[in-house]
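One structure is given here, and the rest of the page talks about it.
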Amino acid sequence: MTGFRTLSSGLRALQPAAFGADPSGERLARIRRSPHFKDGVFQNPGGNTNLRPSGGAMRGMGKSYLDKEQRALRAPDGTLPVHATTLADLARPAATGLRLTWMGHSSVLAEIDGHRVLFDPVWGERCSPFPFAGPKRLHPVPLPIAALGPVDVVVISHDHYDHLDMPTIKALADTDTLFAVPLGVGAHLEHWGVSADRLRELDWHEETEVGGLTLTATPARHFCGRGLRNTQHTLWASWVVAGDEHRIYHSGDTGYFEGFKDIGAAHGPFDATMIQIGAYSEFWPDIHMTPEEGMRAHLDLQGGRPHGVLLPIHWGTFNLALHPWAEPGEWTADEGEAAGQAVATPRPGEPFEPGGDLTTVPWWRPFGGTIDHPWRTPKPVETEATEPKPTTAPAELDLANER
């Protein structure tokens with residue numbers, strides 16, 4: 001047995017640092033006491049079903065992945081543009097008290113009631129444990145991490161590589177920021193140099209105070225894991241952040257579930273929601289949301305009616321699924337139009353205030369991102385008695401495929 005332990009210890013020593021660390025000691029004891037931990041793993045709302053594709057689904061997925069026509073749609077025509085965010089942009093106080101800057105994928109800087117919250121910061125070139133392999137950025141980061149200025153709290157939704165990036169965490173470990181993370185995720189951060197006294201590690205429905213903000217970890221339907229083994233010993237969460245005047249919600253990664261209504265009833269309505277609407281597939285329907293499901297989740301969070309602003313996240317930065325790269329943005333804008341719900345579609349790095357003018361330009365279309373809308377009712381044929389409506393789209397975006 002001693003020989004086996006020595007071999008196991010040696011293999012762990014060879015693992016990349018980006019794998020992080022498994023929870024142990026009091027952290028592991030706390031995990032085991034969680035009401036959401038059962039049979040040795042964290043449980044989803046409704047149970048841990050269909051978290052990964054079956055063997056048959058994997059074969060279908062492989063066929064779709066290799067299809068040349070479909071593959072061509074999964075990447076833009078050229079490098080995507082970003083807004084030239086500057087320190088001056090972020091130094092000006094938000095006129096309405098709430099400003100959001102989507103940095104790409106699920107990374108969002110939220111300036112709320114005089115405080116600065118950074119969600120799921122990923123500044124790495126690849127979302128992978130290795131610098132030479134794995135999904136690569138479709139656009140550059142809008143600005144260096146050091147140019148963000150002081151951040152009061154970094155919020156992590158779960159420990160997958162496209163949400164928890166070791167190089168970014170190490171860069172932030174040298175600052176004074178606090179970190180709010182789901183139960184168990186603190187083990188990774190401590191392994192990378194974040195001191196325990198700067199961690200706020202929460203189970204679902206627990207909250208912590210940071211300055212004048214209240215942060216609450218709320219349920220999500222997903223899974224976890226970074227290493228060769230997926231032990232389900234780190235929790236995943238969505239997050240509510242409430243200030244003196246504003247409330248916001250970040251979904252992290254999640255499948256649709258009825259719990260959005262409960263979160264909305266307990267903590268909403270929200271001035272803005274940041275909702276995952278990308279990397280969905282029929283092969284993993286229970287862990288990521290489609291644009292239609294994302295809109296449904298937003299409305300559930302708002303008590304069943306249009307309210308606030310929806311910011312689509314988890315799309316346009318990394319190619320993580322089989323759908324066309326721009327489909328999530330296009331279809332979410334379409335869902336917003338159908339529901340009468342405000343949807344913001346800023347370029348990565350473009351600040352906006354949910355209480356002010358929204359950026360809604362379909363910036364993705366000139367880069368091979370024009371997506372058909374086959375389900376929409378055809379527009380009536382224009383006659384002499386029906387004057388065409390004037391377009392308000394910029395000339396460069398007034399494309400033949402306008403919806």
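Quick note on naming: the chains in the structure tokens go A, B, ... in the order shown, residues restart at 1 in each chain, and ligands are numbered from 1 in order of appearance.
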Q: Mind listing the strand (DSSP E or B) residues of range 143-195 of chain A, per DSSP on the backbone, as a VMD selection string?
A: chain A and resid 153 to 155 178 to 182
Just N, CA, C and O atoms for this one: save the residues we selected as a tab-separated table (two decimals), in the first residue's frame.
```tsv
chain	number	residue	atom	x	y	z
A	153	VAL	N	-14.48	42.86	-5.37
A	153	VAL	CA	-14.67	41.42	-5.20
A	153	VAL	C	-14.73	40.74	-6.56
A	153	VAL	O	-15.34	41.25	-7.50
A	154	VAL	N	-14.04	39.61	-6.65
A	154	VAL	CA	-14.11	38.74	-7.82
A	154	VAL	C	-15.07	37.60	-7.49
A	154	VAL	O	-14.93	36.95	-6.45
A	155	VAL	N	-16.03	37.37	-8.36
A	155	VAL	CA	-17.04	36.33	-8.15
A	155	VAL	C	-16.83	35.22	-9.17
A	155	VAL	O	-16.76	35.48	-10.38
A	178	LEU	N	-11.16	40.76	-2.78
A	178	LEU	CA	-11.71	39.57	-2.16
A	178	LEU	C	-12.25	38.65	-3.26
A	178	LEU	O	-12.49	39.09	-4.39
A	179	PHE	N	-12.46	37.39	-2.92
A	179	PHE	CA	-12.99	36.42	-3.86
A	179	PHE	C	-14.20	35.73	-3.25
A	179	PHE	O	-14.12	35.19	-2.14
A	180	ALA	N	-15.32	35.76	-3.95
A	180	ALA	CA	-16.52	35.02	-3.55
A	180	ALA	C	-16.66	33.82	-4.48
A	180	ALA	O	-16.75	33.99	-5.71
A	181	VAL	N	-16.67	32.62	-3.91
A	181	VAL	CA	-16.65	31.39	-4.72
A	181	VAL	C	-17.61	30.36	-4.13
A	181	VAL	O	-17.94	30.40	-2.95
A	182	PRO	N	-18.06	29.41	-4.97
A	182	PRO	CA	-18.89	28.33	-4.43
A	182	PRO	C	-18.06	27.39	-3.56
A	182	PRO	O	-16.83	27.32	-3.66
```
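Contact shell of range 271-280 of chain A at 6 Å (only C-alpha atoms; same-chain neighbours under 2 positions omitted): Arg247, Ile248, Tyr249, His250, Ser251, His288, Met289, Thr290, Pro291, Gly294, Gly308, Val309, Leu310, Leu311, Pro312, Ile313, His314, Trp315, Leu320, Ala321 and Pro328 of chain A.
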Write the residues of the selection above to a file with N, CA and C atoms, as a compact mmCIF listing (two decimals), in the first residue's frame.
```txt
# COMPACT_ATOMS: atom_id res chain seq x y z
N ARG A 247 -29.92 45.74 -8.12
CA ARG A 247 -29.75 44.30 -7.97
C ARG A 247 -29.39 43.71 -9.34
N ILE A 248 -28.42 42.81 -9.35
CA ILE A 248 -28.03 42.15 -10.59
C ILE A 248 -27.90 40.64 -10.34
N TYR A 249 -27.92 39.89 -11.43
CA TYR A 249 -27.86 38.42 -11.35
C TYR A 249 -26.93 37.90 -12.44
N HIS A 250 -26.05 36.97 -12.07
CA HIS A 250 -25.15 36.31 -13.02
C HIS A 250 -25.45 34.82 -12.95
N SER A 251 -25.77 34.22 -14.10
CA SER A 251 -26.24 32.83 -14.11
C SER A 251 -25.13 31.81 -13.98
N HIS A 288 -26.58 23.53 -20.23
CA HIS A 288 -26.47 24.86 -20.83
C HIS A 288 -27.82 25.25 -21.41
N MET A 289 -28.08 26.54 -21.48
CA MET A 289 -29.37 27.01 -21.98
C MET A 289 -29.27 27.52 -23.41
N THR A 290 -30.32 27.28 -24.16
CA THR A 290 -30.49 27.88 -25.48
C THR A 290 -30.95 29.33 -25.29
N PRO A 291 -30.91 30.16 -26.35
CA PRO A 291 -31.45 31.51 -26.23
C PRO A 291 -32.90 31.55 -25.76
N GLY A 294 -32.80 30.83 -22.13
CA GLY A 294 -32.23 31.95 -21.42
C GLY A 294 -33.22 33.09 -21.24
N GLY A 308 -36.09 45.14 -16.54
CA GLY A 308 -34.64 45.27 -16.53
C GLY A 308 -34.05 45.00 -17.91
N VAL A 309 -32.79 44.61 -17.91
CA VAL A 309 -32.06 44.36 -19.16
C VAL A 309 -31.38 43.00 -19.07
N LEU A 310 -31.44 42.25 -20.16
CA LEU A 310 -30.74 40.97 -20.26
C LEU A 310 -29.45 41.19 -21.04
N LEU A 311 -28.32 40.80 -20.45
CA LEU A 311 -27.03 40.80 -21.14
C LEU A 311 -26.67 39.36 -21.47
N PRO A 312 -26.65 38.97 -22.75
CA PRO A 312 -26.26 37.59 -23.09
C PRO A 312 -24.76 37.37 -22.82
N ILE A 313 -24.43 36.27 -22.18
CA ILE A 313 -23.03 35.93 -21.93
C ILE A 313 -22.76 34.49 -22.37
N HIS A 314 -21.48 34.11 -22.34
CA HIS A 314 -21.06 32.74 -22.67
C HIS A 314 -21.19 32.47 -24.16
N TRP A 315 -20.81 33.46 -24.98
CA TRP A 315 -20.86 33.28 -26.42
C TRP A 315 -19.85 34.25 -27.05
N LEU A 320 -17.10 26.48 -28.26
CA LEU A 320 -17.27 25.38 -27.31
C LEU A 320 -18.42 24.44 -27.67
N ALA A 321 -19.05 24.66 -28.82
CA ALA A 321 -20.21 23.83 -29.17
C ALA A 321 -20.30 23.68 -30.68
N PRO A 328 -26.05 32.37 -30.88
CA PRO A 328 -26.61 32.77 -29.58
C PRO A 328 -26.97 34.25 -29.50
```
Q: Grab the CA of Leu301 in chain A to CA of Thr345 in chain A distance for me, in Å with one decimal place.
A: 19.7 Å
Q) From the list A:Pro81, A:Gly303, A:Gly225, A:Gly252, which residue is nearest Phe119 in chain A when using only C-alpha atoms? A)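 Using only C-alpha atoms, the shortest distance to Phe119 in chain A belongs to A:Gly252.
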Do a neighbour search on Thr101 in chain A at 7 Å with only C-alpha atoms, toss out local chain neighbours closer than 5 positions, and write the hits as a PDB file with all heavy atoms, in the first residue's frame.
```
ATOM      1  N   VAL A 108     -17.599  39.678 -16.810  1.00  0.00           N
ATOM      2  CA  VAL A 108     -18.310  40.961 -16.782  1.00  0.00           C
ATOM      3  C   VAL A 108     -17.792  41.782 -15.607  1.00  0.00           C
ATOM      4  O   VAL A 108     -17.705  41.274 -14.477  1.00  0.00           O
ATOM      5  CB  VAL A 108     -19.836  40.775 -16.641  1.00  0.00           C
ATOM      6  CG1 VAL A 108     -20.539  42.139 -16.671  1.00  0.00           C
ATOM      7  CG2 VAL A 108     -20.386  39.860 -17.738  1.00  0.00           C
ATOM      8  N   LEU A 109     -17.461  43.039 -15.866  1.00  0.00           N
ATOM      9  CA  LEU A 109     -17.181  43.995 -14.794  1.00  0.00           C
ATOM     10  C   LEU A 109     -18.477  44.740 -14.498  1.00  0.00           C
ATOM     11  O   LEU A 109     -19.034  45.397 -15.377  1.00  0.00           O
ATOM     12  CB  LEU A 109     -16.095  44.983 -15.202  1.00  0.00           C
ATOM     13  CG  LEU A 109     -15.811  46.094 -14.191  1.00  0.00           C
ATOM     14  CD1 LEU A 109     -15.208  45.530 -12.908  1.00  0.00           C
ATOM     15  CD2 LEU A 109     -14.895  47.164 -14.783  1.00  0.00           C
ATOM     16  N   ALA A 110     -18.963  44.617 -13.278  1.00  0.00           N
ATOM     17  CA  ALA A 110     -20.186  45.300 -12.854  1.00  0.00           C
ATOM     18  C   ALA A 110     -19.820  46.392 -11.862  1.00  0.00           C
ATOM     19  O   ALA A 110     -19.221  46.111 -10.814  1.00  0.00           O
ATOM     20  CB  ALA A 110     -21.157  44.312 -12.218  1.00  0.00           C
ATOM     21  N   GLY A 349     -15.963  44.579 -24.220  1.00  0.00           N
ATOM     22  CA  GLY A 349     -15.261  45.759 -23.741  1.00  0.00           C
ATOM     23  C   GLY A 349     -16.049  47.047 -23.811  1.00  0.00           C
ATOM     24  O   GLY A 349     -15.535  48.102 -23.422  1.00  0.00           O
ATOM     25  N   GLU A 350     -17.292  46.999 -24.265  1.00  0.00           N
ATOM     26  CA  GLU A 350     -18.089  48.220 -24.438  1.00  0.00           C
ATOM     27  C   GLU A 350     -19.006  48.440 -23.231  1.00  0.00           C
ATOM     28  O   GLU A 350     -19.987  47.733 -23.048  1.00  0.00           O
ATOM     29  CB  GLU A 350     -18.925  48.101 -25.713  1.00  0.00           C
ATOM     30  CG  GLU A 350     -19.691  49.352 -26.064  1.00  0.00           C
ATOM     31  CD  GLU A 350     -20.378  49.236 -27.415  1.00  0.00           C
ATOM     32  OE1 GLU A 350     -20.339  48.148 -28.020  1.00  0.00           O
ATOM     33  OE2 GLU A 350     -20.954  50.253 -27.852  1.00  0.00           O
ATOM     34  N   PRO A 351     -18.694  49.440 -22.392  1.00  0.00           N
ATOM     35  CA  PRO A 351     -19.527  49.670 -21.206  1.00  0.00           C
ATOM     36  C   PRO A 351     -20.920  50.172 -21.592  1.00  0.00           C
ATOM     37  O   PRO A 351     -21.089  50.887 -22.580  1.00  0.00           O
ATOM     38  CB  PRO A 351     -18.747  50.751 -20.437  1.00  0.00           C
ATOM     39  CG  PRO A 351     -17.379  50.776 -21.038  1.00  0.00           C
ATOM     40  CD  PRO A 351     -17.560  50.366 -22.462  1.00  0.00           C
ATOM     41  N   PHE A 352     -21.909  49.811 -20.795  1.00  0.00           N
ATOM     42  CA  PHE A 352     -23.248  50.367 -20.979  1.00  0.00           C
ATOM     43  C   PHE A 352     -23.947  50.400 -19.633  1.00  0.00           C
ATOM     44  O   PHE A 352     -23.581  49.669 -18.705  1.00  0.00           O
ATOM     45  CB  PHE A 352     -24.065  49.548 -21.987  1.00  0.00           C
ATOM     46  CG  PHE A 352     -24.577  48.243 -21.450  1.00  0.00           C
ATOM     47  CD1 PHE A 352     -25.866  48.127 -20.929  1.00  0.00           C
ATOM     48  CD2 PHE A 352     -23.768  47.114 -21.458  1.00  0.00           C
ATOM     49  CE1 PHE A 352     -26.328  46.919 -20.417  1.00  0.00           C
ATOM     50  CE2 PHE A 352     -24.230  45.901 -20.959  1.00  0.00           C
ATOM     51  CZ  PHE A 352     -25.503  45.798 -20.444  1.00  0.00           C
TER      52      PHE A 352
END
```
